[in-house]
Amino acid sequence: MILGKVIGSVWSTKKDESLVGSKFLIVRQLDLEFKELGSFTIAVDSVGAGDGEIVLIATGSSARQTTITKNKPVDAVVMAIVDKLDIHKRPEAAGAKN
Amino acid sequence: MILGKVIGSVWSTKKDESLVGSKFLIVRQLDLEFKELGSFTIAVDSVGAGDGEIVLIATGSSARQTTITKNKPVDAVVMAIVDKLDIHKRPEAAGAKN
Amino acid sequence: MILGKVIGSVWSTKKDESLVGSKFLIVRQLDLEFKELGSFTIAVDSVGAGDGEIVLIATGSSARQTTITKNKPVDAVVMAIVDKLDIHKRPEAAGAKN
Amino acid sequence: MILGKVIGSVWSTKKDESLVGSKFLIVRQLDLEFKELGSFTIAVDSVGAGDGEIVLIATGSSARQTTITKNKPVDAVVMAIVDKLDIHKRPEAAGAKN
Amino acid sequence: MILGKVIGSVWSTKKDESLVGSKFLIVRQLDLEFKELGSFTIAVDSVGAGDGEIVLIATGSSARQTTITKNKPVDAVVMAIVDKLDIHKRPEAAGAKN
């Protein structure tokens, strides 16, 4: 899954009829320090994610495995809102095999 | 989904027979300021998108979830025409976790 | 779909038995001026594409949606031969929203 | 499959209901000398992988082929823990065709 | 499909139970002159590919279309061993449309 932040949404009147009522979020990809990266994706919301929230996105056919996206032409879905990342600190140098 | 702009189309006489009648659009990828990026994709139209229109593209197996593309060998479909992007402005610095 | 040019083929005797008789084409990716890019892919032919021809490739599960590739372990198929690209000229600057 | 190292996990209360109980691991991609690369992915654990372990990740629809991930909106799964890599040494120069 | 060379294998005791007996090969990506590129993938063997052999890899759901990989959480399979590449020489300059 991709880590991202909701930064906006897309308005679309003319779309595949199965998508009426779907909310398209603009999600900026993040690194593990929540710094925004250059890339973004547009994903359908399935969890009520609001502006500025940190989320996970599932892509590909996996994006159609929610009640909201089933059988629809969407390739990215917001399927989780992130509370926090738990990154383990270790004394050994980064990259060392443990 | 990918954000893009329709910049042309592909003419093809000899193709998989299931694709007779499908319209192949050339879509240039855009950033969030609608500036054209270097990459492009070729996608089947499912919403009547015209030249110069801003659109969304779904890729992979999701591209086959429209009436027009079902069971066809296409991996990208234009499934929405974009009216506008609504990008939220926030006073806090970009990249800050809220 | 990817735009490419057929530049050769792959000979393989030992392969998944479902692939006996399939023709593997080497396809160099092209930009919109038909200039060859660095990347290439190997795709099964489903339309009788010959050496030097400009083609479209569908990837992923969509590559298995032809009679020739159905249920086979192939992730790229040549599904159309390109006659020409029709790229619209516009007076306004590239990148401008219309 | 992608080679990676588990470096943490994601906490998420609000998520697709099918994902309750799933553990989301943060996995840093590795090269063949186990050096950490810049990219990372978030993957559901299906093998009890612990912090710092070297793992394999399957992506896309293949990520849903475990008992734990079946029919769920996840596009990456940790499906193996790596004991070691066995890289063959050869006298001939790297890159030479044998 | 991706062109690559088998350079080793992965040992894994703890893995999804459907994968017991599967052989995970480390495959370095090649260019058309068989020069090794930086990227590599880990793929299940379905054709008895040995160390140093030049192979084709199918990825995504297509990787599950062999008897050995069916319904398993693997996203890359070696499905052909390459005998040779047949790249056509042409008098005209590279990149020219024919």
# chains A, B, ... in the order shown; residues from 1 in each chain; ligands from 1
call {"tool": "interface_residues", "arguments": {"of": "chain B", "to": "chain D", "cutoff": "12 Å", "atoms": "only C-alpha atoms", "output": "list in words"}}
result
Gly60, Ser61 and Ser62 of chain B
call {"tool": "write_last_selection", "arguments": {"atoms": "all heavy atoms", "output": "CSV table (one decimal), in the first residue's frame"}}
result
chain,number,residue,atom,x,y,z
B,60,GLY,N,-4.9,-1.1,-15.6
B,60,GLY,CA,-4.9,-2.5,-15.2
B,60,GLY,C,-6.2,-3.1,-15.4
B,60,GLY,O,-7.0,-2.8,-16.4
B,61,SER,N,-6.5,-4.1,-14.6
B,61,SER,CA,-7.8,-4.9,-14.8
B,61,SER,C,-9.0,-3.9,-14.6
B,61,SER,O,-10.1,-4.2,-15.1
B,61,SER,CB,-7.8,-6.1,-13.9
B,61,SER,OG,-7.8,-5.6,-12.5
B,62,SER,N,-8.8,-2.9,-13.8
B,62,SER,CA,-9.8,-1.9,-13.6
B,62,SER,C,-10.3,-1.2,-14.9
B,62,SER,O,-11.4,-0.7,-15.0
B,62,SER,CB,-9.4,-0.9,-12.5
B,62,SER,OG,-9.0,-1.5,-11.3
call {"tool": "residues_around", "arguments": {"residues": "stretch 12-19 of chain A", "least_positions_apart": "2", "cutoff": "8 Å", "atoms": "only C-alpha atoms", "output": "ChimeraX atom specification"}}
result
/A:10,21-22,72-73 /B:46-47,66,79-84
call {"tool": "select_by_dssp", "arguments": {"residues": "stretch 4-92 of chain E", "states": "strand (DSSP E)", "output": "MDAnalysis selection string"}}
result
chainID E and resid 4:11 24:30 36:45 54:59 76:81 84:87
call {"tool": "write_last_selection", "arguments": {"atoms": "C-alpha atoms", "output": "PDB file, in the first residue's frame"}}
result
ATOM      1  CA  GLY E   4      16.717 -11.396 -17.165  1.00  0.00           C
ATOM      2  CA  LYS E   5      19.495 -13.700 -16.051  1.00  0.00           C
ATOM      3  CA  VAL E   6      19.297 -16.116 -13.146  1.00  0.00           C
ATOM      4  CA  ILE E   7      22.014 -15.155 -10.658  1.00  0.00           C
ATOM      5  CA  GLY E   8      20.992 -17.030  -7.535  1.00  0.00           C
ATOM      6  CA  SER E   9      18.173 -18.182  -5.345  1.00  0.00           C
ATOM      7  CA  VAL E  10      16.413 -17.364  -2.100  1.00  0.00           C
ATOM      8  CA  TRP E  11      16.255 -19.737   0.851  1.00  0.00           C
ATOM      9  CA  PHE E  24      12.598 -18.654  -5.761  1.00  0.00           C
ATOM     10  CA  LEU E  25      15.132 -17.426  -8.276  1.00  0.00           C
ATOM     11  CA  ILE E  26      16.976 -14.131  -8.138  1.00  0.00           C
ATOM     12  CA  VAL E  27      16.852 -12.688 -11.646  1.00  0.00           C
ATOM     13  CA  ARG E  28      18.887  -9.681 -12.713  1.00  0.00           C
ATOM     14  CA  GLN E  29      17.233  -7.604 -15.428  1.00  0.00           C
ATOM     15  CA  LEU E  30      19.119  -7.429 -18.743  1.00  0.00           C
ATOM     16  CA  GLU E  36      23.026  -6.599 -16.437  1.00  0.00           C
ATOM     17  CA  LEU E  37      20.940  -3.654 -15.267  1.00  0.00           C
ATOM     18  CA  GLY E  38      20.667  -2.477 -11.684  1.00  0.00           C
ATOM     19  CA  SER E  39      17.211  -3.862 -10.999  1.00  0.00           C
ATOM     20  CA  PHE E  40      16.392  -7.424 -10.074  1.00  0.00           C
ATOM     21  CA  THR E  41      13.299  -9.405  -9.217  1.00  0.00           C
ATOM     22  CA  ILE E  42      12.605 -12.599  -7.345  1.00  0.00           C
ATOM     23  CA  ALA E  43      10.537 -15.051  -9.368  1.00  0.00           C
ATOM     24  CA  VAL E  44       9.280 -18.583  -8.965  1.00  0.00           C
ATOM     25  CA  ASP E  45      10.759 -21.049 -11.411  1.00  0.00           C
ATOM     26  CA  ILE E  54      18.741 -16.080 -19.728  1.00  0.00           C
ATOM     27  CA  VAL E  55      15.006 -16.162 -19.064  1.00  0.00           C
ATOM     28  CA  LEU E  56      11.701 -14.383 -19.475  1.00  0.00           C
ATOM     29  CA  ILE E  57       9.618 -13.373 -16.472  1.00  0.00           C
ATOM     30  CA  ALA E  58       5.875 -12.751 -16.462  1.00  0.00           C
ATOM     31  CA  THR E  59       4.588 -10.561 -13.647  1.00  0.00           C
ATOM     32  CA  ALA E  76       6.626 -13.128 -10.876  1.00  0.00           C
ATOM     33  CA  VAL E  77       7.333 -16.412 -12.663  1.00  0.00           C
ATOM     34  CA  VAL E  78      10.104 -17.597 -14.951  1.00  0.00           C
ATOM     35  CA  MET E  79       8.050 -19.043 -17.814  1.00  0.00           C
ATOM     36  CA  ALA E  80      10.629 -19.375 -20.609  1.00  0.00           C
ATOM     37  CA  ILE E  81      14.332 -19.935 -21.125  1.00  0.00           C
ATOM     38  CA  LYS E  84      18.590 -16.243 -28.456  1.00  0.00           C
ATOM     39  CA  LEU E  85      17.326 -12.825 -29.378  1.00  0.00           C
ATOM     40  CA  ASP E  86      16.817 -12.077 -33.024  1.00  0.00           C
ATOM     41  CA  ILE E  87      17.188  -8.329 -33.465  1.00  0.00           C
TER      42      ILE E  87
END
call {"tool": "atom_distance", "arguments": {"atom1": "atom CA of E:Val74", "atom2": "atom CA of D:Gly52"}}
result
22.2 Å
call {"tool": "closest_residue", "arguments": {"among": "B:Asp51, B:Lys23, B:Asp75, B:His88", "to": "C:Met1", "atoms": "only C-alpha atoms"}}
result
B:Asp75
call {"tool": "select_by_dssp", "arguments": {"residues": "chain C", "states": "helix (DSSP H, G or I)", "output": "number ranges by chain"}}
result
C: 17-19, 60-64
call {"tool": "atom_distance", "arguments": {"atom1": "atom CA of E:Arg64", "atom2": "atom CA of C:Ala63"}}
result
13.5 Å
call {"tool": "atom_distance", "arguments": {"atom1": "atom CA of A:Thr69", "atom2": "atom CA of B:Thr67"}}
result
15.8 Å
call {"tool": "decode", "arguments": {"residues": "stretch 40-51 of chain C", "atoms": "all heavy atoms", "output": "PDB file, in the first residue's frame"}}
result
ATOM      1  N   PHE C  40      12.278  -1.324 -23.220  1.00  0.00           N
ATOM      2  CA  PHE C  40      11.652  -2.241 -24.166  1.00  0.00           C
ATOM      3  C   PHE C  40      10.839  -3.252 -23.372  1.00  0.00           C
ATOM      4  O   PHE C  40      11.018  -3.400 -22.165  1.00  0.00           O
ATOM      5  CB  PHE C  40      12.715  -2.956 -25.012  1.00  0.00           C
ATOM      6  CG  PHE C  40      13.559  -3.914 -24.222  1.00  0.00           C
ATOM      7  CD1 PHE C  40      13.222  -5.262 -24.139  1.00  0.00           C
ATOM      8  CD2 PHE C  40      14.685  -3.484 -23.541  1.00  0.00           C
ATOM      9  CE1 PHE C  40      13.990  -6.146 -23.400  1.00  0.00           C
ATOM     10  CE2 PHE C  40      15.462  -4.355 -22.799  1.00  0.00           C
ATOM     11  CZ  PHE C  40      15.112  -5.692 -22.720  1.00  0.00           C
ATOM     12  N   THR C  41       9.948  -3.944 -24.056  1.00  0.00           N
ATOM     13  CA  THR C  41       9.236  -5.033 -23.410  1.00  0.00           C
ATOM     14  C   THR C  41       9.155  -6.198 -24.381  1.00  0.00           C
ATOM     15  O   THR C  41       9.358  -6.029 -25.587  1.00  0.00           O
ATOM     16  CB  THR C  41       7.846  -4.603 -22.913  1.00  0.00           C
ATOM     17  OG1 THR C  41       7.344  -5.617 -22.045  1.00  0.00           O
ATOM     18  CG2 THR C  41       6.878  -4.401 -24.060  1.00  0.00           C
ATOM     19  N   ILE C  42       8.875  -7.361 -23.841  1.00  0.00           N
ATOM     20  CA  ILE C  42       8.706  -8.539 -24.689  1.00  0.00           C
ATOM     21  C   ILE C  42       7.244  -8.925 -24.600  1.00  0.00           C
ATOM     22  O   ILE C  42       6.705  -9.110 -23.506  1.00  0.00           O
ATOM     23  CB  ILE C  42       9.661  -9.660 -24.249  1.00  0.00           C
ATOM     24  CG1 ILE C  42      11.103  -9.179 -24.530  1.00  0.00           C
ATOM     25  CG2 ILE C  42       9.360 -10.960 -24.975  1.00  0.00           C
ATOM     26  CD1 ILE C  42      12.174  -9.999 -23.903  1.00  0.00           C
ATOM     27  N   ALA C  43       6.592  -8.984 -25.763  1.00  0.00           N
ATOM     28  CA  ALA C  43       5.140  -9.144 -25.795  1.00  0.00           C
ATOM     29  C   ALA C  43       4.760 -10.225 -26.790  1.00  0.00           C
ATOM     30  O   ALA C  43       5.417 -10.387 -27.827  1.00  0.00           O
ATOM     31  CB  ALA C  43       4.484  -7.824 -26.206  1.00  0.00           C
ATOM     32  N   VAL C  44       3.705 -10.948 -26.487  1.00  0.00           N
ATOM     33  CA  VAL C  44       3.202 -11.950 -27.425  1.00  0.00           C
ATOM     34  C   VAL C  44       2.412 -11.252 -28.529  1.00  0.00           C
ATOM     35  O   VAL C  44       1.652 -10.315 -28.269  1.00  0.00           O
ATOM     36  CB  VAL C  44       2.328 -12.982 -26.689  1.00  0.00           C
ATOM     37  CG1 VAL C  44       1.562 -13.856 -27.672  1.00  0.00           C
ATOM     38  CG2 VAL C  44       3.210 -13.860 -25.789  1.00  0.00           C
ATOM     39  N   ASP C  45       2.597 -11.724 -29.737  1.00  0.00           N
ATOM     40  CA  ASP C  45       1.892 -11.138 -30.877  1.00  0.00           C
ATOM     41  C   ASP C  45       0.503 -11.742 -31.009  1.00  0.00           C
ATOM     42  O   ASP C  45       0.346 -12.960 -30.954  1.00  0.00           O
ATOM     43  CB  ASP C  45       2.693 -11.440 -32.150  1.00  0.00           C
ATOM     44  CG  ASP C  45       2.037 -10.841 -33.377  1.00  0.00           C
ATOM     45  OD1 ASP C  45       1.373  -9.800 -33.240  1.00  0.00           O
ATOM     46  OD2 ASP C  45       2.181 -11.420 -34.469  1.00  0.00           O
ATOM     47  N   SER C  46      -0.522 -10.888 -31.187  1.00  0.00           N
ATOM     48  CA  SER C  46      -1.860 -11.432 -31.433  1.00  0.00           C
ATOM     49  C   SER C  46      -2.479 -10.893 -32.718  1.00  0.00           C
ATOM     50  O   SER C  46      -3.626 -11.182 -33.026  1.00  0.00           O
ATOM     51  CB  SER C  46      -2.791 -11.118 -30.246  1.00  0.00           C
ATOM     52  OG  SER C  46      -3.243  -9.791 -30.297  1.00  0.00           O
ATOM     53  N   VAL C  47      -1.699 -10.070 -33.440  1.00  0.00           N
ATOM     54  CA  VAL C  47      -2.256  -9.428 -34.641  1.00  0.00           C
ATOM     55  C   VAL C  47      -1.383  -9.574 -35.885  1.00  0.00           C
ATOM     56  O   VAL C  47      -1.632  -8.908 -36.897  1.00  0.00           O
ATOM     57  CB  VAL C  47      -2.506  -7.913 -34.388  1.00  0.00           C
ATOM     58  CG1 VAL C  47      -3.682  -7.716 -33.453  1.00  0.00           C
ATOM     59  CG2 VAL C  47      -1.260  -7.218 -33.861  1.00  0.00           C
ATOM     60  N   GLY C  48      -0.347 -10.405 -35.822  1.00  0.00           N
ATOM     61  CA  GLY C  48       0.508 -10.564 -36.991  1.00  0.00           C
ATOM     62  C   GLY C  48       1.412  -9.383 -37.255  1.00  0.00           C
ATOM     63  O   GLY C  48       1.666  -9.024 -38.411  1.00  0.00           O
ATOM     64  N   ALA C  49       1.916  -8.775 -36.201  1.00  0.00           N
ATOM     65  CA  ALA C  49       2.789  -7.600 -36.354  1.00  0.00           C
ATOM     66  C   ALA C  49       4.149  -8.018 -36.892  1.00  0.00           C
ATOM     67  O   ALA C  49       4.747  -8.990 -36.432  1.00  0.00           O
ATOM     68  CB  ALA C  49       2.963  -6.916 -35.005  1.00  0.00           C
ATOM     69  N   GLY C  50       4.645  -7.277 -37.876  1.00  0.00           N
ATOM     70  CA  GLY C  50       5.924  -7.598 -38.489  1.00  0.00           C
ATOM     71  C   GLY C  50       7.024  -6.674 -37.999  1.00  0.00           C
ATOM     72  O   GLY C  50       6.773  -5.676 -37.308  1.00  0.00           O
ATOM     73  N   ASP C  51       8.234  -7.006 -38.398  1.00  0.00           N
ATOM     74  CA  ASP C  51       9.402  -6.231 -37.989  1.00  0.00           C
ATOM     75  C   ASP C  51       9.274  -4.769 -38.407  1.00  0.00           C
ATOM     76  O   ASP C  51       8.921  -4.464 -39.540  1.00  0.00           O
ATOM     77  CB  ASP C  51      10.653  -6.843 -38.626  1.00  0.00           C
ATOM     78  CG  ASP C  51      11.885  -6.083 -38.227  1.00  0.00           C
ATOM     79  OD1 ASP C  51      12.044  -5.796 -37.025  1.00  0.00           O
ATOM     80  OD2 ASP C  51      12.676  -5.744 -39.123  1.00  0.00           O
TER      81      ASP C  51
END
